[in-house]
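Raw start.txt, compact mmCIF, C-alpha atoms:
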# COMPACT_ATOMS: atom_id res chain seq x y z
CA MET A 213 -12.76 41.03 2.12
CA PRO A 214 -10.77 38.39 0.23
CA GLU A 215 -9.65 39.11 -3.32
CA ILE A 216 -11.30 36.60 -5.67
CA ILE A 217 -8.98 35.86 -8.62
CA GLU A 218 -10.25 33.84 -11.56
CA ILE A 219 -7.44 31.62 -12.81
CA THR A 220 -6.56 32.39 -16.41
CA ASP A 221 -2.78 32.03 -16.33
CA LEU A 222 -1.47 28.79 -14.83
CA SER A 223 1.98 30.34 -14.47
CA ALA A 224 0.78 33.08 -12.09
CA GLU A 225 3.24 33.70 -9.25
CA GLY A 226 0.57 33.27 -6.58
CA LEU A 227 -0.11 29.70 -7.66
CA LYS A 228 3.45 28.50 -6.99
CA PRO A 229 2.74 27.03 -3.54
CA TYR A 230 0.04 24.80 -5.01
CA CYS A 231 1.76 23.45 -8.09
CA LYS A 232 5.44 24.40 -8.49
CA LEU A 233 7.08 23.97 -5.09
CA THR A 234 8.00 20.70 -3.43
CA GLU A 235 7.17 20.15 0.23
CA ALA A 236 10.80 20.88 1.09
CA GLN A 237 10.73 24.13 -0.90
CA LEU A 238 7.49 25.19 0.73
CA ARG A 239 9.12 24.76 4.12
CA ALA A 240 12.59 26.13 3.42
CA GLU A 241 11.94 28.87 0.86
CA SER A 242 8.44 30.06 1.62
CA GLY A 243 7.87 29.10 5.26
CA VAL A 244 4.38 27.86 4.44
CA PHE A 245 2.43 24.62 4.41
CA ILE A 246 -0.73 23.54 2.60
CA ALA A 247 -3.88 22.70 4.54
CA GLU A 248 -6.49 20.69 2.65
CA THR A 249 -10.26 20.35 3.23
CA ALA A 250 -12.50 22.82 5.03
CA LYS A 251 -12.38 20.99 8.35
CA VAL A 252 -8.58 20.87 8.47
CA ILE A 253 -8.29 24.54 7.47
CA GLU A 254 -10.67 25.50 10.27
CA TYR A 255 -8.61 23.54 12.80
CA ALA A 256 -5.49 25.35 11.59
CA LEU A 257 -7.20 28.73 11.93
CA ASP A 258 -8.40 27.79 15.42
CA PHE A 259 -4.80 26.93 16.30
CA GLY A 260 -3.71 30.38 15.16
CA CYS A 261 -2.11 29.65 11.79
CA GLU A 262 -2.08 32.65 9.47
CA PRO A 263 -3.55 32.12 5.97
CA VAL A 264 -1.59 33.37 2.96
CA SER A 265 -3.84 32.43 0.05
CA MET A 266 -6.50 29.92 -0.95
CA LEU A 267 -7.21 27.75 -3.97
CA THR A 268 -10.78 26.53 -4.35
CA GLU A 269 -13.28 25.32 -6.90
CA ARG A 270 -15.65 28.09 -7.87
CA ARG A 271 -18.68 26.17 -6.66
CA HIS A 272 -17.40 26.29 -3.07
CA LEU A 273 -17.14 30.09 -2.85
CA ASP A 274 -20.72 30.39 -1.63
CA GLY A 275 -20.58 27.10 0.24
CA GLN A 276 -18.00 25.55 2.53
CA ALA A 277 -15.26 27.98 1.50
CA GLY A 278 -17.43 30.97 2.40
CA LYS A 279 -17.32 30.29 6.13
CA ILE A 280 -13.54 30.00 6.01
CA LEU A 281 -13.08 33.13 3.90
CA ALA A 282 -14.97 35.14 6.48
CA ARG A 283 -12.09 34.38 8.89
CA CYS A 284 -9.20 35.00 6.51
CA GLY A 285 -9.14 38.73 5.85
CA ASN A 286 -7.82 40.17 2.61
CA ILE A 287 -6.05 37.15 1.19
CA PRO A 288 -6.00 36.26 -2.52
CA VAL A 289 -8.41 33.44 -3.39
CA TYR A 290 -7.66 31.65 -6.65
CA THR A 291 -10.62 29.89 -8.21
CA GLY A 292 -11.77 28.02 -11.27
CA GLU A 293 -13.62 24.92 -12.38
CA SER A 294 -12.57 21.55 -10.95
CA GLU A 295 -11.09 20.33 -14.25
CA LEU A 296 -8.84 23.38 -14.50
CA LEU A 297 -7.67 23.08 -10.90
CA ALA A 298 -6.91 19.38 -11.39
CA SER A 299 -4.70 20.25 -14.38
CA LEU A 300 -2.99 22.88 -12.25
CA THR A 301 -2.25 20.75 -9.19
CA GLY A 302 -1.92 17.36 -10.88
CA TYR A 303 -4.61 15.79 -8.70
CA GLU A 304 -8.29 16.18 -7.92
CA LEU A 305 -8.76 18.56 -5.00
CA THR A 306 -10.04 16.71 -1.96
CA ARG A 307 -13.32 18.47 -1.16
CA GLY A 308 -12.24 21.34 -3.34
CA ILE A 309 -10.25 23.64 -1.02
CA LEU A 310 -6.54 24.21 -0.36
CA CYS A 311 -5.08 26.95 1.82
CA ALA A 312 -1.46 28.08 1.99
CA MET A 313 -0.64 29.07 5.58
CA LYS A 314 2.41 30.37 7.42
CA ARG A 315 4.18 27.70 9.46
CA PRO A 316 3.65 28.18 13.20
CA VAL A 317 6.63 28.65 15.50
CA MET A 318 7.65 25.29 16.94
CA PRO A 319 7.54 25.18 20.75
CA ASP A 320 10.43 23.74 22.73
CA LEU A 321 10.37 20.37 24.46
CA HIS A 322 9.71 21.67 27.96
CA GLU A 323 6.77 23.74 26.77
CA VAL A 324 5.25 20.67 25.08
CA CYS A 325 5.99 18.00 27.69
CA SER A 326 6.33 19.64 31.10
CA ASN A 327 2.76 18.75 32.09
CA ALA A 328 2.43 15.59 30.00
CA SER A 329 2.08 12.06 31.32
CA ARG A 330 1.95 10.19 27.99
CA VAL A 331 4.15 11.14 25.03
CA ALA A 332 4.68 9.49 21.63
CA VAL A 333 8.24 9.61 20.29
CA LEU A 334 8.80 8.98 16.57
CA GLU A 335 12.20 7.97 15.18
CA ASP A 336 13.00 8.19 11.45
CA LEU A 337 9.43 7.71 10.17
CA ALA A 338 9.46 8.56 6.47
CA ASP A 339 5.86 8.19 5.31
CA PRO A 340 3.62 11.26 5.79
CA THR A 341 0.55 8.99 5.77
CA ASN A 342 1.90 7.15 8.81
CA ILE A 343 2.80 10.43 10.52
CA GLY A 344 -0.72 11.74 10.00
CA ALA A 345 -2.33 8.50 11.21
CA ILE A 346 -0.13 8.41 14.32
CA PHE A 347 -1.01 11.99 15.22
CA ARG A 348 -4.70 11.18 14.87
CA SER A 349 -4.39 8.10 17.08
CA ALA A 350 -2.33 9.95 19.70
CA ALA A 351 -4.90 12.74 19.92
CA ALA A 352 -7.87 10.36 19.98
CA LEU A 353 -6.44 7.93 22.52
CA GLY A 354 -5.36 10.31 25.24
CA PHE A 355 -1.68 11.03 24.57
CA ASP A 356 -0.54 14.50 25.50
CA ALA A 357 2.20 15.23 22.96
CA VAL A 358 4.26 13.93 20.05
CA CYS A 359 8.04 14.29 19.73
CA LEU A 360 9.83 13.62 16.44
CA ASN A 361 13.53 13.20 15.82
CA LYS A 362 15.24 15.23 13.09
CA ASN A 363 14.91 12.46 10.49
CA CYS A 364 11.12 12.14 10.71
CA CYS A 365 9.14 13.60 7.86
CA ASP A 366 7.37 16.88 8.45
CA PRO A 367 3.95 16.66 10.20
CA LEU A 368 2.92 19.68 8.11
CA TYR A 369 3.35 17.89 4.78
CA ARG A 370 0.07 18.27 2.93
CA ARG A 371 -0.77 14.57 3.08
CA ALA A 372 0.25 14.23 6.74
CA VAL A 373 -2.00 17.14 7.70
CA ARG A 374 -4.93 15.72 5.73
CA VAL A 375 -4.57 12.14 7.03
CA SER A 376 -4.33 13.48 10.57
CA MET A 377 -7.73 15.16 10.04
CA GLY A 378 -6.21 18.32 11.50
CA THR A 379 -5.01 16.74 14.75
CA VAL A 380 -1.51 18.09 14.04
CA PHE A 381 -3.10 21.34 15.29
CA GLN A 382 -4.81 19.73 18.27
CA ILE A 383 -1.99 17.83 19.97
CA PRO A 384 1.28 19.61 20.89
CA TRP A 385 4.41 18.46 19.05
CA THR A 386 8.05 19.34 18.66
CA ARG A 387 11.42 17.98 17.56
CA ILE A 388 13.70 16.09 19.94
CA GLU A 389 17.42 15.31 19.87
CA SER A 390 17.29 12.11 21.95
CA ILE A 391 15.14 10.29 24.47
CA ALA A 392 17.65 11.35 27.13
CA GLU A 393 15.89 14.72 27.15
CA LEU A 394 12.62 13.08 28.17
CA LYS A 395 14.31 10.83 30.71
CA ALA A 396 15.77 13.95 32.30
CA MET A 397 12.18 15.20 32.67
CA GLY A 398 11.19 12.06 34.60
CA PHE A 399 9.74 9.96 31.79
CA LYS A 400 10.18 6.22 31.60
CA THR A 401 10.72 5.16 28.00
CA ALA A 402 9.20 2.18 26.19
CA ALA A 403 10.72 1.09 22.87
CA MET A 404 8.28 -0.72 20.58
CA ALA A 405 10.53 -3.48 19.23
CA LEU A 406 10.81 -7.24 18.84
CA THR A 407 13.81 -8.44 20.82
CA ASP A 408 14.61 -11.36 23.12
CA ASN A 409 14.12 -8.99 26.05
CA SER A 410 10.76 -7.57 24.99
CA VAL A 411 7.91 -7.60 27.48
CA SER A 412 4.27 -7.81 26.48
CA ILE A 413 2.42 -4.56 26.01
CA GLU A 414 0.01 -5.94 28.61
CA ASP A 415 2.69 -5.87 31.32
CA GLU A 416 1.06 -4.02 34.24
CA ALA A 417 4.24 -2.17 35.10
CA LEU A 418 3.86 -0.10 31.93
CA SER A 419 0.38 1.16 32.66
CA HIS A 420 1.39 2.05 36.21
CA GLU A 421 4.13 4.45 35.12
CA SER A 422 3.13 8.03 35.93
CA LYS A 423 5.10 9.45 32.98
CA LEU A 424 5.69 7.24 29.95
CA ALA A 425 7.16 7.94 26.50
CA VAL A 426 6.31 5.34 23.83
CA VAL A 427 9.01 5.19 21.14
CA ILE A 428 8.10 4.06 17.60
CA GLY A 429 10.61 3.46 14.82
CA ASN A 430 11.04 3.53 11.06
CA GLU A 431 8.53 1.70 8.86
CA GLY A 432 11.12 -0.74 7.53
CA ARG A 433 13.96 -1.16 9.99
CA GLY A 434 12.26 -0.18 13.23
CA LEU A 435 14.16 1.47 16.06
CA SER A 436 17.94 1.76 16.16
CA GLU A 437 19.78 -0.53 18.55
CA LYS A 438 21.13 2.56 20.30
CA THR A 439 17.64 3.83 21.02
CA ILE A 440 16.45 0.43 22.24
CA SER A 441 19.42 0.09 24.55
CA HIS A 442 18.70 3.46 26.15
CA CYS A 443 15.01 2.77 26.82
CA ASP A 444 13.71 1.52 30.16
CA TYR A 445 11.42 -1.06 28.53
CA THR A 446 11.38 -2.92 25.25
CA VAL A 447 7.78 -3.73 24.40
CA LYS A 448 6.05 -5.99 21.89
CA ILE A 449 2.46 -6.50 20.81
CA PRO A 450 1.63 -10.25 20.90
CA MET A 451 0.90 -11.56 17.38
CA SER A 452 -1.13 -14.49 16.02
CA ASN A 453 -1.23 -16.60 12.85
CA GLY A 454 2.48 -16.27 12.16
CA VAL A 455 2.33 -12.50 11.66
CA ASP A 456 5.52 -10.95 13.03
CA SER A 457 4.46 -7.31 13.34
CA LEU A 458 2.05 -4.50 12.48
CA ASN A 459 2.91 -1.44 10.46
CA ALA A 460 3.92 1.69 12.35
CA ALA A 461 0.53 3.40 12.26
CA ALA A 462 -1.42 0.31 13.37
CA ALA A 463 1.11 -0.57 16.07
CA SER A 464 1.00 2.96 17.45
CA ALA A 465 -2.79 2.88 17.78
CA VAL A 466 -2.64 -0.39 19.73
CA ALA A 467 0.15 0.96 21.94
CA PHE A 468 -1.58 4.26 22.62
CA TRP A 469 -4.80 2.52 23.64
CA GLN A 470 -3.12 -0.01 25.91
CA LEU A 471 -0.67 2.44 27.49
CA ARG A 472 -2.96 5.45 27.81
CA ARG A 473 -3.59 7.20 31.11
CA ARG A 474 -5.80 5.11 33.39
Since I need it in another form, could you write the structure as structure tokens?
Amino acid sequence: MPEIIEITDLSAEGLKPYCKLTEAQLRAESGVFIAETAKVIEYALDFGCEPVSMLTERRHLDGQAGKILARCGNIPVYTGESELLASLTGYELTRGILCAMKRPVMPDLHEVCSNASRVAVLEDLADPTNIGAIFRSAAALGFDAVCLNKNCCDPLYRRAVRVSMGTVFQIPWTRIESIAELKAMGFKTAAMALTDNSVSIEDEALSHESKLAVVIGNEGRGLSEKTISHCDYTVKIPMSNGVDSLNAAAASAVAFWQLRRR
């Protein structure tokens, strides 16, 4: 049974993951991430993530948190009224439940992509909201995996996990050094970029590729010239009304739908 702990001391050691550690410290020092909302926590448990502790409003103990607690063993569960928890975390809890969980072991590229036909590749994306939205679109629109370069923000950032609606636990992902690794596995690569050599996303050759990696760049500067030059295609989404581009999350959704498996 979980250990229910009424919060009386906001400096308690067990509360550090929820209020005193940055995302980077959670990852580097504690090896944990924070899952938020009952649905996301359940997806993480289904994936095999190990819970460490939970923070929840008292009113949820006999409600939506109860079902989760039945799966979590003897973990500490910190609880209190919503106003107290908001003062602790600095924000209102979304649907009242947070869970600190051990980070899963990251699989290698071949494990993630060996049987894939459609892969999203993310280069230097900095916004966890965009990361979460891209994961959700990739999972919903039939992509098999997501690869991120070393400069992308962490898909297990609290906000990225929440915006993804838990799809970071439903679609395989890993880190990648360069697109050359995917090309060596037989993937054709499509850089989403506006250049003089860009082809329309509606080009039939793209949809006919048996293995395709769609490469999406930084929110501000897009893809590096080096990456574009090493891709097999440079692809653009036709625009109207003088608009030059979509943001990364919106562009990825369009690309995933158009370039999905047929």
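If you look at CA of Asn363 in chain A and CA of Glu254 in chain A, they are 28.7 Å away from each other.
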If you count all atoms listed in the file, which residues fall within 12 Å of Leu233 in chain A, apart from same-chain ones fewer than 5 positions away, as a PDB file with C-alpha atoms, in the frame of the given file?
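New file part_31.pdb:
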ATOM      1  CA  GLU A 225       3.240  33.700  -9.250  1.00  0.00           C
ATOM      2  CA  GLY A 226       0.570  33.270  -6.580  1.00  0.00           C
ATOM      3  CA  LEU A 227      -0.110  29.700  -7.660  1.00  0.00           C
ATOM      4  CA  LYS A 228       3.450  28.500  -6.990  1.00  0.00           C
ATOM      5  CA  LEU A 238       7.490  25.190   0.730  1.00  0.00           C
ATOM      6  CA  ARG A 239       9.120  24.760   4.120  1.00  0.00           C
ATOM      7  CA  ALA A 240      12.590  26.130   3.420  1.00  0.00           C
ATOM      8  CA  GLU A 241      11.940  28.870   0.860  1.00  0.00           C
ATOM      9  CA  SER A 242       8.440  30.060   1.620  1.00  0.00           C
ATOM     10  CA  GLY A 243       7.870  29.100   5.260  1.00  0.00           C
ATOM     11  CA  VAL A 244       4.380  27.860   4.440  1.00  0.00           C
ATOM     12  CA  PHE A 245       2.430  24.620   4.410  1.00  0.00           C
ATOM     13  CA  ILE A 246      -0.730  23.540   2.600  1.00  0.00           C
ATOM     14  CA  THR A 301      -2.250  20.750  -9.190  1.00  0.00           C
ATOM     15  CA  ALA A 312      -1.460  28.080   1.990  1.00  0.00           C
TER      16      ALA A 312
END
For range 246-345 of chain A versus range 378-402 of chain A, which residues have an atom no more than 6 Å away, and what is each residue's nearest atom pair and distance in Å rounded to one decimal, using all atoms listed in the file, chain-then-number order, as a tab-separated table?
residue	atom	partner	partner_atom	distance
A:Val252	CA	A:Gly378	CA	4.6
A:Tyr255	CA	A:Gly378	CA	5.9
A:Ala256	CA	A:Phe381	CA	6.0
A:Phe259	CA	A:Phe381	CA	5.9
A:Val324	CA	A:Pro384	CA	5.9
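We find CA of Leu353 in chain A and CA of Ala462 in chain A to be spaced 12.9 Å apart.
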For Leu424 in chain A, please output as an mmCIF file with C-alpha atoms, keeping the file's coordinate frame all residues within 12 Å (counting all atoms listed in the file; exclusion window: fewer than 5 positions along the same chain).
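As a result, result_24.cif now contains:
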data_model
loop_
_atom_site.group_PDB
_atom_site.id
_atom_site.type_symbol
_atom_site.label_atom_id
_atom_site.label_comp_id
_atom_site.auth_asym_id
_atom_site.auth_seq_id
_atom_site.Cartn_x
_atom_site.Cartn_y
_atom_site.Cartn_z
ATOM 1 C CA CYS A 325 5.990 18.000 27.690
ATOM 2 C CA ALA A 328 2.430 15.590 30.000
ATOM 3 C CA SER A 329 2.080 12.060 31.320
ATOM 4 C CA ARG A 330 1.950 10.190 27.990
ATOM 5 C CA VAL A 331 4.150 11.140 25.030
ATOM 6 C CA ALA A 332 4.680 9.490 21.630
ATOM 7 C CA VAL A 333 8.240 9.610 20.290
ATOM 8 C CA PHE A 355 -1.680 11.030 24.570
ATOM 9 C CA ASP A 356 -0.540 14.500 25.500
ATOM 10 C CA ALA A 357 2.200 15.230 22.960
ATOM 11 C CA ILE A 391 15.140 10.290 24.470
ATOM 12 C CA LEU A 394 12.620 13.080 28.170
ATOM 13 C CA LYS A 395 14.310 10.830 30.710
ATOM 14 C CA MET A 397 12.180 15.200 32.670
ATOM 15 C CA GLY A 398 11.190 12.060 34.600
ATOM 16 C CA PHE A 399 9.740 9.960 31.790
ATOM 17 C CA LYS A 400 10.180 6.220 31.600
ATOM 18 C CA THR A 401 10.720 5.160 28.000
ATOM 19 C CA ALA A 402 9.200 2.180 26.190
ATOM 20 C CA ALA A 403 10.720 1.090 22.870
ATOM 21 C CA ALA A 417 4.240 -2.170 35.100
ATOM 22 C CA LEU A 418 3.860 -0.100 31.930
ATOM 23 C CA SER A 419 0.380 1.160 32.660
ATOM 24 C CA CYS A 443 15.010 2.770 26.820
ATOM 25 C CA ASP A 444 13.710 1.520 30.160
ATOM 26 C CA TYR A 445 11.420 -1.060 28.530
ATOM 27 C CA ALA A 467 0.150 0.960 21.940
ATOM 28 C CA PHE A 468 -1.580 4.260 22.620
ATOM 29 C CA LEU A 471 -0.670 2.440 27.490
ATOM 30 C CA ARG A 472 -2.960 5.450 27.810
ATOM 31 C CA ARG A 473 -3.590 7.200 31.110
#
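Of the residues listed (A:Glu295, A:Asp336, A:Asp258, A:Asp366), A:Asp336 shows the shortest atom-to-atom separation from Thr439 in chain A; distances use only C-alpha atoms.
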